[in-house]
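Have a look at the structure below before the remarks.
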There are 2 protein chains.
Amino acid sequence: MPENHVLYCGDSSLSGPAGYLAGLMTRFGIAYDYLPSDQPLASEMASEPRKLFVLSDYAAERMLPPVQEIVLRQVRERAAGLLMIGGWESVHGHDGNWDGTLIGTALPIEIMAEDDRINCDQPALLIRAEEHAIVADLPWEARPPTVGGFNRVTVKPGSAALLLVQRFQATVAGGRFDFTAQEQDPMLVIGAHGAGRTAALMTDLAPHWVGGLVDWGDSERVTARAPGSWEIEVGNFYAQLVANLLAWTGNLRAEPIG
Amino acid sequence: MPENHVLYCGDSSLSGPAGYLAGLMTRFGIAYDYLPSDQPLASEMASEPRKLFVLSDYAAERMLPPVQEIVLRQVRERAAGLLMIGGWESVHGHDGNWDGTLIGTALPIEIMAEDDRINCDQPALLIRAEEHAIVADLPWEARPPTVGGFNRVTVKPGSAALLLVQRFQATVAGGRFDFTAQEQDPMLVIGAHGAGRTAALMTDLAPHWVGGLVDWGDSERVTARAPGSWEIEVGNFYAQLVANLLAWTGNLRAEPIG
């Protein structure tokens with residue numbers, strides 16, 4: 001195995017949105033290789049043995065079908081994890097275009113063949129739909145966090161939605177607010193591809209779609225900085241959720257926060 | 001008067017968050033000069049006649065007191081507008097440190113001498129507190145937008161809060177959500193400094209604090225791209241609010257959207 005168990009592709013660059021997930025992995029002691037969104041994944045880089053592949057705002061056109069197959073063989077045969085994180089350039093999105101691809105077919109979600117972006121100008125809150133290690137020990141009932149948007153998908157048969165997103169219509173009259181529940185959609189879905197675990201988080205982990213989730217916390221703020229990146233400052237529950245997600249999907253150990 | 005009526009300082013760079021406001025000004029036909037957050041404002045640039053100065057995530061340490069006085073003289077004596085937009089590097093913020101400065105004293109808000117950042121992991125919605133041209137003809141009652149955070153300030157005597165932000169504690173039990181109103185804080189405050197208009201918006205116009213406000217809309221999305229920047233895609237109500245804010249504070253004409 002190489003030293004860097006994770007291959008993380010996307011989220012523009014380390015000087016931009018990738019600072020969040022790269023910063024957290026650095027903080028968790030999870031070693032990774034990073035590929036910016038504008039660079040294609042070479043078969044050599046895809047072939048190195050990994051425990052987890054993370055694709056976030058990384059368009060399908062950057063990964064040729066033979067390279068996707070190299071990644072999937074690691075998932076199926078070597079039990080590597082495959083995690084897609086939502087965004088305007090993820091799933092279908094604006095330019096993600098993962099529908100109909102090999103990777104898309106291996107994910108636990110059905111990806112639409114059209115723009116699947118839902119931008120939320122009114123409250124959208126996360127709901128825990130099932131108990132699971134990824135969502136354990138977090139205050140889903142006492143303090144559900146908001147998100148700013150997500151890719152709209154459906155859950156494949158045999159896969160499990162651990163989190164949903166509940167949108168609300170808010171109105172105000174005479175100073176009194178009213179909240180009416182609207183649609184629910186899948187937010188976090190897990191599954192398997194051969195021997196490997198798969199997961200799809202439909203919001204982004206970086207602004208703007210991450211919404212209030214990035215600040216989800218109740219104690220001292222978590223700060224982190226990846227090499228070559230900037231210092232992030234985030235909520236402790238958000239950091240814990242990301243740690244859980246990486247640890248489960250990639251069978252990795254994340255150092256405890258704080 | 002120069003061709004560029006607006007001097008816009010801050011929001012990192014045109015390849016980053018400044019793409020939002022610069023993109024909108026381009027779309028509105030408002031000509032501007034732009035100064036990135038890491039560059040100090042030189043007295044020559046501050047001395048050019050302007051209709052509006054916009055400071056957003058631009059730290060006080062980048063503007064020496066004599067330069068601040070040059071700006072304020074344009075506001076007082078030539079009726080230029082002064083607009084501060086919130087953020088982690090605005091107001092007091094993390095590194096804004098505008099409290100106790102000449103510019104800070106001219107704004108219609110009282111700035112705290114300590115970290116004033118409020119990050120909202122649960123719903124925070126905008127409320128119209130007064131009728132005014134800046135907030136006219138927008139669906140504040142039918143569709144109040146969310147924000148992701150703001151600088152906490154108080155309103156100076158003689159100034160007017162046009163918008164407030166109302167935070168909610170959301171909880172869920174047995175699948176049913178409950179929303180309990182928490183604190184209200186000023187969100188948009190207007191005032192005067194000599195002959196000029198002043199305004200302070202306590203959220204950011206860019207992620208992550210802008211929250212759902214950036215997507216506030218009900219019709220075709222508004223796209224724009226400033227020279228040297230990237231293409232933004234935002235909600236039509238958000239774009240209209242920004243147009244109103246610039247037009248009123250700077251006595252400027254903004255081209256209609258769409």
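By order of appearance in the structure tokens: chains A, B, ..., then residues from 1 within every chain, and ligands from 1 in the order shown.
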Determine which residues of segment 9-247 of chain B receive a DSSP assignment of helix (DSSP H, G or I), computed from the backbone, and state them as a PDB file with N, CA and C atoms, in the first residue's frame.
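Contents of result_25.pdb, freshly written:
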ATOM      1  N   ALA B  18     -14.996  37.738  -5.020  1.00  0.00           N
ATOM      2  CA  ALA B  18     -15.323  39.018  -5.648  1.00  0.00           C
ATOM      3  C   ALA B  18     -16.058  38.839  -6.970  1.00  0.00           C
ATOM      4  N   GLY B  19     -16.012  37.618  -7.511  1.00  0.00           N
ATOM      5  CA  GLY B  19     -16.743  37.338  -8.748  1.00  0.00           C
ATOM      6  C   GLY B  19     -18.227  37.624  -8.650  1.00  0.00           C
ATOM      7  N   TYR B  20     -18.787  37.516  -7.447  1.00  0.00           N
ATOM      8  CA  TYR B  20     -20.228  37.775  -7.286  1.00  0.00           C
ATOM      9  C   TYR B  20     -20.559  39.245  -7.509  1.00  0.00           C
ATOM     10  N   LEU B  21     -20.005  40.124  -6.660  1.00  0.00           N
ATOM     11  CA  LEU B  21     -20.387  41.529  -6.757  1.00  0.00           C
ATOM     12  C   LEU B  21     -19.845  42.157  -8.036  1.00  0.00           C
ATOM     13  N   ALA B  22     -18.645  41.783  -8.426  1.00  0.00           N
ATOM     14  CA  ALA B  22     -18.086  42.320  -9.676  1.00  0.00           C
ATOM     15  C   ALA B  22     -18.915  41.848 -10.872  1.00  0.00           C
ATOM     16  N   GLY B  23     -19.342  40.586 -10.821  1.00  0.00           N
ATOM     17  CA  GLY B  23     -20.183  40.060 -11.900  1.00  0.00           C
ATOM     18  C   GLY B  23     -21.493  40.822 -11.992  1.00  0.00           C
ATOM     19  N   LEU B  24     -22.107  41.060 -10.839  1.00  0.00           N
ATOM     20  CA  LEU B  24     -23.382  41.786 -10.847  1.00  0.00           C
ATOM     21  C   LEU B  24     -23.198  43.219 -11.331  1.00  0.00           C
ATOM     22  N   MET B  25     -22.148  43.890 -10.867  1.00  0.00           N
ATOM     23  CA  MET B  25     -21.942  45.278 -11.320  1.00  0.00           C
ATOM     24  C   MET B  25     -21.740  45.314 -12.832  1.00  0.00           C
ATOM     25  N   THR B  26     -21.017  44.345 -13.340  1.00  0.00           N
ATOM     26  CA  THR B  26     -20.832  44.252 -14.794  1.00  0.00           C
ATOM     27  C   THR B  26     -22.185  44.098 -15.481  1.00  0.00           C
ATOM     28  N   ARG B  27     -23.001  43.227 -14.939  1.00  0.00           N
ATOM     29  CA  ARG B  27     -24.329  42.979 -15.489  1.00  0.00           C
ATOM     30  C   ARG B  27     -25.220  44.228 -15.422  1.00  0.00           C
ATOM     31  N   PHE B  28     -25.057  45.009 -14.340  1.00  0.00           N
ATOM     32  CA  PHE B  28     -25.876  46.206 -14.140  1.00  0.00           C
ATOM     33  C   PHE B  28     -25.363  47.412 -14.926  1.00  0.00           C
ATOM     34  N   SER B  43      -3.440  56.351  -1.621  1.00  0.00           N
ATOM     35  CA  SER B  43      -4.173  57.623  -1.546  1.00  0.00           C
ATOM     36  C   SER B  43      -4.560  58.113  -2.942  1.00  0.00           C
ATOM     37  N   GLU B  44      -3.755  57.797  -3.958  1.00  0.00           N
ATOM     38  CA  GLU B  44      -4.094  58.216  -5.325  1.00  0.00           C
ATOM     39  C   GLU B  44      -5.410  57.566  -5.780  1.00  0.00           C
ATOM     40  N   MET B  45      -5.523  56.267  -5.509  1.00  0.00           N
ATOM     41  CA  MET B  45      -6.727  55.557  -5.930  1.00  0.00           C
ATOM     42  C   MET B  45      -7.946  56.037  -5.131  1.00  0.00           C
ATOM     43  N   ALA B  46      -7.728  56.337  -3.865  1.00  0.00           N
ATOM     44  CA  ALA B  46      -8.828  56.806  -3.011  1.00  0.00           C
ATOM     45  C   ALA B  46      -9.274  58.216  -3.399  1.00  0.00           C
ATOM     46  N   SER B  47      -8.358  58.974  -4.019  1.00  0.00           N
ATOM     47  CA  SER B  47      -8.644  60.385  -4.314  1.00  0.00           C
ATOM     48  C   SER B  47      -9.456  60.583  -5.581  1.00  0.00           C
ATOM     49  N   ALA B  60      -9.287  46.681   7.856  1.00  0.00           N
ATOM     50  CA  ALA B  60      -8.951  48.079   8.157  1.00  0.00           C
ATOM     51  C   ALA B  60      -7.455  48.344   8.005  1.00  0.00           C
ATOM     52  N   GLU B  61      -6.645  47.337   8.287  1.00  0.00           N
ATOM     53  CA  GLU B  61      -5.197  47.562   8.239  1.00  0.00           C
ATOM     54  C   GLU B  61      -4.695  47.848   6.821  1.00  0.00           C
ATOM     55  N   ARG B  62      -5.539  47.617   5.811  1.00  0.00           N
ATOM     56  CA  ARG B  62      -5.142  47.914   4.429  1.00  0.00           C
ATOM     57  C   ARG B  62      -5.414  49.379   4.049  1.00  0.00           C
ATOM     58  N   PRO B  65      -5.131  55.616   8.138  1.00  0.00           N
ATOM     59  CA  PRO B  65      -6.058  56.691   8.524  1.00  0.00           C
ATOM     60  C   PRO B  65      -6.107  57.861   7.531  1.00  0.00           C
ATOM     61  N   PRO B  66      -4.998  58.330   6.992  1.00  0.00           N
ATOM     62  CA  PRO B  66      -5.116  59.457   6.031  1.00  0.00           C
ATOM     63  C   PRO B  66      -5.898  59.050   4.773  1.00  0.00           C
ATOM     64  N   VAL B  67      -5.802  57.785   4.385  1.00  0.00           N
ATOM     65  CA  VAL B  67      -6.548  57.308   3.208  1.00  0.00           C
ATOM     66  C   VAL B  67      -8.032  57.191   3.554  1.00  0.00           C
ATOM     67  N   GLN B  68      -8.316  56.721   4.741  1.00  0.00           N
ATOM     68  CA  GLN B  68      -9.720  56.682   5.182  1.00  0.00           C
ATOM     69  C   GLN B  68     -10.310  58.095   5.164  1.00  0.00           C
ATOM     70  N   GLU B  69      -9.537  59.067   5.570  1.00  0.00           N
ATOM     71  CA  GLU B  69     -10.024  60.451   5.607  1.00  0.00           C
ATOM     72  C   GLU B  69     -10.278  60.978   4.190  1.00  0.00           C
ATOM     73  N   ILE B  70      -9.459  60.573   3.246  1.00  0.00           N
ATOM     74  CA  ILE B  70      -9.698  60.968   1.841  1.00  0.00           C
ATOM     75  C   ILE B  70     -11.044  60.410   1.355  1.00  0.00           C
ATOM     76  N   VAL B  71     -11.289  59.145   1.687  1.00  0.00           N
ATOM     77  CA  VAL B  71     -12.568  58.529   1.301  1.00  0.00           C
ATOM     78  C   VAL B  71     -13.724  59.270   1.965  1.00  0.00           C
ATOM     79  N   LEU B  72     -13.591  59.508   3.252  1.00  0.00           N
ATOM     80  CA  LEU B  72     -14.700  60.121   3.993  1.00  0.00           C
ATOM     81  C   LEU B  72     -14.966  61.555   3.537  1.00  0.00           C
ATOM     82  N   ARG B  73     -13.920  62.243   3.082  1.00  0.00           N
ATOM     83  CA  ARG B  73     -14.131  63.606   2.576  1.00  0.00           C
ATOM     84  C   ARG B  73     -14.996  63.552   1.311  1.00  0.00           C
ATOM     85  N   GLN B  74     -14.750  62.536   0.491  1.00  0.00           N
ATOM     86  CA  GLN B  74     -15.613  62.381  -0.703  1.00  0.00           C
ATOM     87  C   GLN B  74     -17.060  62.101  -0.298  1.00  0.00           C
ATOM     88  N   VAL B  75     -17.223  61.333   0.781  1.00  0.00           N
ATOM     89  CA  VAL B  75     -18.584  61.016   1.241  1.00  0.00           C
ATOM     90  C   VAL B  75     -19.247  62.289   1.783  1.00  0.00           C
ATOM     91  N   ARG B  76     -18.561  62.958   2.694  1.00  0.00           N
ATOM     92  CA  ARG B  76     -19.132  64.136   3.365  1.00  0.00           C
ATOM     93  C   ARG B  76     -19.401  65.290   2.408  1.00  0.00           C
ATOM     94  N   GLU B  77     -18.411  65.552   1.533  1.00  0.00           N
ATOM     95  CA  GLU B  77     -18.433  66.804   0.778  1.00  0.00           C
ATOM     96  C   GLU B  77     -18.919  66.636  -0.656  1.00  0.00           C
ATOM     97  N   ARG B  78     -18.734  65.425  -1.227  1.00  0.00           N
ATOM     98  CA  ARG B  78     -19.123  65.223  -2.618  1.00  0.00           C
ATOM     99  C   ARG B  78     -20.292  64.249  -2.740  1.00  0.00           C
ATOM    100  N   LEU B 102     -11.753  55.575  11.483  1.00  0.00           N
ATOM    101  CA  LEU B 102     -12.507  56.710  10.929  1.00  0.00           C
ATOM    102  C   LEU B 102     -13.691  56.196  10.110  1.00  0.00           C
ATOM    103  N   ILE B 103     -13.428  55.234   9.250  1.00  0.00           N
ATOM    104  CA  ILE B 103     -14.513  54.661   8.425  1.00  0.00           C
ATOM    105  C   ILE B 103     -15.572  54.025   9.330  1.00  0.00           C
ATOM    106  N   GLY B 104     -15.124  53.267  10.305  1.00  0.00           N
ATOM    107  CA  GLY B 104     -16.055  52.609  11.217  1.00  0.00           C
ATOM    108  C   GLY B 104     -16.954  53.616  11.912  1.00  0.00           C
ATOM    109  N   THR B 105     -16.386  54.747  12.274  1.00  0.00           N
ATOM    110  CA  THR B 105     -17.146  55.784  12.973  1.00  0.00           C
ATOM    111  C   THR B 105     -18.177  56.433  12.056  1.00  0.00           C
ATOM    112  N   ALA B 106     -17.903  56.445  10.758  1.00  0.00           N
ATOM    113  CA  ALA B 106     -18.833  57.064   9.796  1.00  0.00           C
ATOM    114  C   ALA B 106     -19.985  56.138   9.416  1.00  0.00           C
ATOM    115  N   ALA B 133     -36.603  52.093  -0.652  1.00  0.00           N
ATOM    116  CA  ALA B 133     -36.292  51.760  -2.049  1.00  0.00           C
ATOM    117  C   ALA B 133     -35.383  50.533  -2.164  1.00  0.00           C
ATOM    118  N   ILE B 134     -34.481  50.355  -1.209  1.00  0.00           N
ATOM    119  CA  ILE B 134     -33.536  49.229  -1.309  1.00  0.00           C
ATOM    120  C   ILE B 134     -34.268  47.888  -1.199  1.00  0.00           C
ATOM    121  N   VAL B 135     -35.311  47.853  -0.396  1.00  0.00           N
ATOM    122  CA  VAL B 135     -35.979  46.571  -0.123  1.00  0.00           C
ATOM    123  C   VAL B 135     -37.357  46.476  -0.787  1.00  0.00           C
ATOM    124  N   GLY B 211     -25.468  32.465   2.313  1.00  0.00           N
ATOM    125  CA  GLY B 211     -26.488  31.438   2.512  1.00  0.00           C
ATOM    126  C   GLY B 211     -27.438  31.328   1.339  1.00  0.00           C
ATOM    127  N   GLY B 212     -28.715  31.075   1.633  1.00  0.00           N
ATOM    128  CA  GLY B 212     -29.715  30.913   0.583  1.00  0.00           C
ATOM    129  C   GLY B 212     -30.015  32.196  -0.164  1.00  0.00           C
ATOM    130  N   LEU B 213     -29.615  33.334   0.422  1.00  0.00           N
ATOM    131  CA  LEU B 213     -29.882  34.628  -0.219  1.00  0.00           C
ATOM    132  C   LEU B 213     -29.340  34.682  -1.645  1.00  0.00           C
ATOM    133  N   VAL B 214     -28.196  34.042  -1.887  1.00  0.00           N
ATOM    134  CA  VAL B 214     -27.576  34.101  -3.216  1.00  0.00           C
ATOM    135  C   VAL B 214     -28.451  33.423  -4.270  1.00  0.00           C
ATOM    136  N   ASP B 215     -29.299  32.499  -3.824  1.00  0.00           N
ATOM    137  CA  ASP B 215     -30.189  31.769  -4.744  1.00  0.00           C
ATOM    138  C   ASP B 215     -31.626  32.266  -4.670  1.00  0.00           C
ATOM    139  N   ASN B 236     -32.802  35.773  -9.067  1.00  0.00           N
ATOM    140  CA  ASN B 236     -33.192  37.095  -9.563  1.00  0.00           C
ATOM    141  C   ASN B 236     -33.514  38.078  -8.439  1.00  0.00           C
ATOM    142  N   PHE B 237     -34.047  37.590  -7.312  1.00  0.00           N
ATOM    143  CA  PHE B 237     -34.336  38.526  -6.213  1.00  0.00           C
ATOM    144  C   PHE B 237     -33.039  39.003  -5.550  1.00  0.00           C
ATOM    145  N   TYR B 238     -32.107  38.095  -5.407  1.00  0.00           N
ATOM    146  CA  TYR B 238     -30.780  38.470  -4.888  1.00  0.00           C
ATOM    147  C   TYR B 238     -30.156  39.551  -5.766  1.00  0.00           C
ATOM    148  N   ALA B 239     -30.175  39.328  -7.061  1.00  0.00           N
ATOM    149  CA  ALA B 239     -29.588  40.306  -7.988  1.00  0.00           C
ATOM    150  C   ALA B 239     -30.300  41.659  -7.848  1.00  0.00           C
ATOM    151  N   GLN B 240     -31.631  41.629  -7.712  1.00  0.00           N
ATOM    152  CA  GLN B 240     -32.368  42.885  -7.594  1.00  0.00           C
ATOM    153  C   GLN B 240     -32.020  43.614  -6.296  1.00  0.00           C
ATOM    154  N   LEU B 241     -31.897  42.864  -5.213  1.00  0.00           N
ATOM    155  CA  LEU B 241     -31.543  43.479  -3.926  1.00  0.00           C
ATOM    156  C   LEU B 241     -30.177  44.154  -4.010  1.00  0.00           C
ATOM    157  N   VAL B 242     -29.228  43.483  -4.629  1.00  0.00           N
ATOM    158  CA  VAL B 242     -27.882  44.069  -4.768  1.00  0.00           C
ATOM    159  C   VAL B 242     -27.945  45.316  -5.658  1.00  0.00           C
ATOM    160  N   ALA B 243     -28.706  45.249  -6.725  1.00  0.00           N
ATOM    161  CA  ALA B 243     -28.860  46.411  -7.610  1.00  0.00           C
ATOM    162  C   ALA B 243     -29.441  47.587  -6.825  1.00  0.00           C
ATOM    163  N   ASN B 244     -30.484  47.321  -6.046  1.00  0.00           N
ATOM    164  CA  ASN B 244     -31.120  48.384  -5.255  1.00  0.00           C
ATOM    165  C   ASN B 244     -30.140  48.999  -4.253  1.00  0.00           C
ATOM    166  N   LEU B 245     -29.354  48.127  -3.622  1.00  0.00           N
ATOM    167  CA  LEU B 245     -28.424  48.569  -2.582  1.00  0.00           C
ATOM    168  C   LEU B 245     -27.345  49.477  -3.166  1.00  0.00           C
ATOM    169  N   LEU B 246     -26.786  49.080  -4.300  1.00  0.00           N
ATOM    170  CA  LEU B 246     -25.764  49.894  -4.962  1.00  0.00           C
ATOM    171  C   LEU B 246     -26.367  51.193  -5.477  1.00  0.00           C
ATOM    172  N   ALA B 247     -27.551  51.088  -6.086  1.00  0.00           N
ATOM    173  CA  ALA B 247     -28.171  52.263  -6.717  1.00  0.00           C
ATOM    174  C   ALA B 247     -28.515  53.322  -5.674  1.00  0.00           C
TER     175      ALA B 247
END
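With only C-alpha atoms taken into account, chain A has Asn119, Cys120, Asp121, Gln122, Pro123, Glu141, Ala142, Arg143, Pro144, Pro145, Thr146, Gly148, Ala170, Thr171, Val172, Ala173, Pro207, His208, Gly211, Gly212, Leu213, Asp215 and Trp216 of chain A at most 7 Å from chain B.
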Got time to write the residues from that selection, C-alpha atoms, as a PDB file, in the first residue's frame?
ATOM      1  CA  ASN A 119     -30.559  25.521  -4.701  1.00  0.00           C
ATOM      2  CA  CYS A 120     -32.340  26.303  -1.446  1.00  0.00           C
ATOM      3  CA  ASP A 121     -33.141  29.940  -0.755  1.00  0.00           C
ATOM      4  CA  GLN A 122     -35.355  28.854   2.146  1.00  0.00           C
ATOM      5  CA  PRO A 123     -34.614  26.414   5.005  1.00  0.00           C
ATOM      6  CA  GLU A 141     -32.904  15.658  16.704  1.00  0.00           C
ATOM      7  CA  ALA A 142     -31.769  18.476  18.996  1.00  0.00           C
ATOM      8  CA  ARG A 143     -29.976  20.545  16.384  1.00  0.00           C
ATOM      9  CA  PRO A 144     -30.546  19.489  12.762  1.00  0.00           C
ATOM     10  CA  PRO A 145     -28.245  21.498  10.479  1.00  0.00           C
ATOM     11  CA  THR A 146     -29.170  23.312   7.268  1.00  0.00           C
ATOM     12  CA  GLY A 148     -27.748  25.354   0.933  1.00  0.00           C
ATOM     13  CA  ALA A 170     -41.173  29.757   5.168  1.00  0.00           C
ATOM     14  CA  THR A 171     -43.573  32.696   5.173  1.00  0.00           C
ATOM     15  CA  VAL A 172     -44.047  35.602   7.550  1.00  0.00           C
ATOM     16  CA  ALA A 173     -47.190  37.586   8.323  1.00  0.00           C
ATOM     17  CA  PRO A 207     -19.700  26.498   0.342  1.00  0.00           C
ATOM     18  CA  HIS A 208     -22.113  27.408  -0.931  1.00  0.00           C
ATOM     19  CA  GLY A 211     -24.840  25.782   4.055  1.00  0.00           C
ATOM     20  CA  GLY A 212     -25.026  25.824   7.850  1.00  0.00           C
ATOM     21  CA  LEU A 213     -23.650  22.279   7.996  1.00  0.00           C
ATOM     22  CA  ASP A 215     -20.674  25.518  11.056  1.00  0.00           C
ATOM     23  CA  TRP A 216     -22.583  22.702  12.767  1.00  0.00           C
TER      24      TRP A 216
END
Could you pull out the strand (DSSP E or B) residues of segment 3-251 of chain B, going by DSSP on the backbone, and write them as a ChimeraX atom specification?
/B:6-10,32-35,52-56,81-85,109-110,117-119,124-128,146,149-151,154-155,160-173,176-193,196-201,222-225,231-234
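Straight-line separation from atom CA of Tyr58 of chain A to atom CA of Leu162 of chain A: 23.6 Å.
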Please identify all polymer residues within 10 Å of segment 195-199 of chain B, counting only C-alpha atoms, omitting same-chain residues fewer than 5 positions from it, and present them as an MDAnalysis selection string.
chainID B and resid 51:54 72:85 106:109 159:161 188:190 245:246 248:251
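The space between atom CA of Glu233 of chain B and atom CA of Ile257 of chain B spans 13.0 Å.
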Who sits within 8 Å of Thr154 of chain B, only C-alpha atoms, same chain under 5 positions skipped, as a ChimeraX atom specification
/B:109-111,185-186
C-alpha atoms of the current selection, written as an mmCIF file, in the first residue's frame:
data_model
loop_
_atom_site.group_PDB
_atom_site.id
_atom_site.type_symbol
_atom_site.label_atom_id
_atom_site.label_comp_id
_atom_site.auth_asym_id
_atom_site.auth_seq_id
_atom_site.Cartn_x
_atom_site.Cartn_y
_atom_site.Cartn_z
ATOM 1 C CA ILE B 109 -23.616 50.756 12.942
ATOM 2 C CA GLU B 110 -21.870 50.346 16.281
ATOM 3 C CA ILE B 111 -19.038 47.868 15.736
ATOM 4 C CA ASP B 185 -30.148 41.320 14.952
ATOM 5 C CA PRO B 186 -29.681 44.175 12.466
#
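Relative to atom CA of Gly10 of chain A, atom CA of Ala42 of chain A is found at 14.0 Å.
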Set the distance at 7 Å and use only C-alpha atoms: which residues neighbour segment 93-99 of chain B once local chain neighbours fewer than 6 positions away are removed? I'd like the list as a list of chain:residue names.
B:Asp57, B:Tyr58, B:Ala59, B:Ala60, B:Gly87, B:Ile111, B:Met112, B:Ala113, B:Asp115, B:Asp116, B:Arg117, B:Asn151
Residues of the last selection are to be written out with all heavy atoms, as a compact mmCIF listing (two decimals), in the first residue's frame.
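Final file, part.txt:
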# COMPACT_ATOMS: atom_id res chain seq x y z
N ASP B 57 -15.03 42.41 3.17
CA ASP B 57 -13.90 41.55 3.52
C ASP B 57 -12.59 42.23 3.12
O ASP B 57 -11.72 41.63 2.48
CB ASP B 57 -14.03 40.17 2.87
CG ASP B 57 -14.97 39.26 3.67
OD1 ASP B 57 -14.99 39.36 4.90
OD2 ASP B 57 -15.69 38.46 3.06
N TYR B 58 -12.52 43.51 3.49
CA TYR B 58 -11.31 44.30 3.26
C TYR B 58 -10.90 44.85 4.63
O TYR B 58 -11.61 45.67 5.21
CB TYR B 58 -11.61 45.43 2.27
CG TYR B 58 -10.39 46.17 1.79
CD1 TYR B 58 -9.55 45.60 0.85
CD2 TYR B 58 -10.07 47.42 2.29
CE1 TYR B 58 -8.41 46.27 0.41
CE2 TYR B 58 -8.94 48.10 1.86
CZ TYR B 58 -8.11 47.51 0.92
OH TYR B 58 -6.99 48.18 0.49
N ALA B 59 -9.78 44.38 5.14
CA ALA B 59 -9.41 44.68 6.52
C ALA B 59 -8.98 46.14 6.70
O ALA B 59 -8.36 46.72 5.80
CB ALA B 59 -8.29 43.74 6.97
N ALA B 60 -9.29 46.68 7.86
CA ALA B 60 -8.95 48.08 8.16
C ALA B 60 -7.46 48.34 8.01
O ALA B 60 -7.05 49.44 7.61
CB ALA B 60 -9.41 48.43 9.57
N GLY B 87 -18.74 40.05 6.67
CA GLY B 87 -17.87 38.91 6.37
C GLY B 87 -16.88 38.68 7.49
O GLY B 87 -16.83 39.46 8.44
N ILE B 111 -19.83 49.08 15.97
CA ILE B 111 -19.04 47.87 15.74
C ILE B 111 -18.42 47.42 17.05
O ILE B 111 -17.87 48.24 17.79
CB ILE B 111 -17.94 48.15 14.69
CG1 ILE B 111 -18.58 48.63 13.39
CG2 ILE B 111 -17.08 46.90 14.47
CD1 ILE B 111 -17.57 49.06 12.33
N MET B 112 -18.52 46.16 17.34
CA MET B 112 -17.98 45.63 18.59
C MET B 112 -16.46 45.62 18.57
O MET B 112 -15.84 45.58 17.51
CB MET B 112 -18.50 44.21 18.83
CG MET B 112 -20.01 44.16 19.03
SD MET B 112 -20.53 42.73 20.01
CE MET B 112 -20.43 41.44 18.81
N ALA B 113 -15.88 45.61 19.76
CA ALA B 113 -14.42 45.57 19.90
C ALA B 113 -13.92 44.13 20.03
O ALA B 113 -12.79 43.90 20.45
CB ALA B 113 -13.99 46.39 21.11
N ASP B 115 -14.62 39.77 18.45
CA ASP B 115 -15.13 38.92 17.37
C ASP B 115 -16.65 38.99 17.34
O ASP B 115 -17.32 38.63 18.32
CB ASP B 115 -14.65 37.48 17.61
CG ASP B 115 -14.87 36.58 16.39
OD1 ASP B 115 -15.62 36.97 15.48
OD2 ASP B 115 -14.26 35.49 16.37
N ASP B 116 -17.21 39.47 16.23
CA ASP B 116 -18.67 39.68 16.13
C ASP B 116 -19.32 38.70 15.17
O ASP B 116 -20.46 38.88 14.75
CB ASP B 116 -18.96 41.12 15.67
CG ASP B 116 -18.25 41.47 14.36
OD1 ASP B 116 -17.74 40.55 13.67
OD2 ASP B 116 -18.21 42.67 14.02
N ARG B 117 -18.61 37.63 14.82
CA ARG B 117 -19.11 36.67 13.83
C ARG B 117 -20.17 35.74 14.42
O ARG B 117 -19.93 35.10 15.44
CB ARG B 117 -17.97 35.83 13.27
CG ARG B 117 -16.97 36.62 12.46
CD ARG B 117 -15.82 35.73 12.03
NE ARG B 117 -15.07 35.24 13.19
CZ ARG B 117 -14.28 34.19 13.17
NH1 ARG B 117 -14.12 33.49 12.06
NH2 ARG B 117 -13.62 33.83 14.26
N ASN B 151 -22.21 39.61 10.81
CA ASN B 151 -21.54 40.33 11.89
C ASN B 151 -22.60 40.92 12.81
O ASN B 151 -23.55 41.58 12.34
CB ASN B 151 -20.66 41.45 11.35
CG ASN B 151 -19.59 40.97 10.39
OD1 ASN B 151 -19.77 41.02 9.18
ND2 ASN B 151 -18.48 40.48 10.92
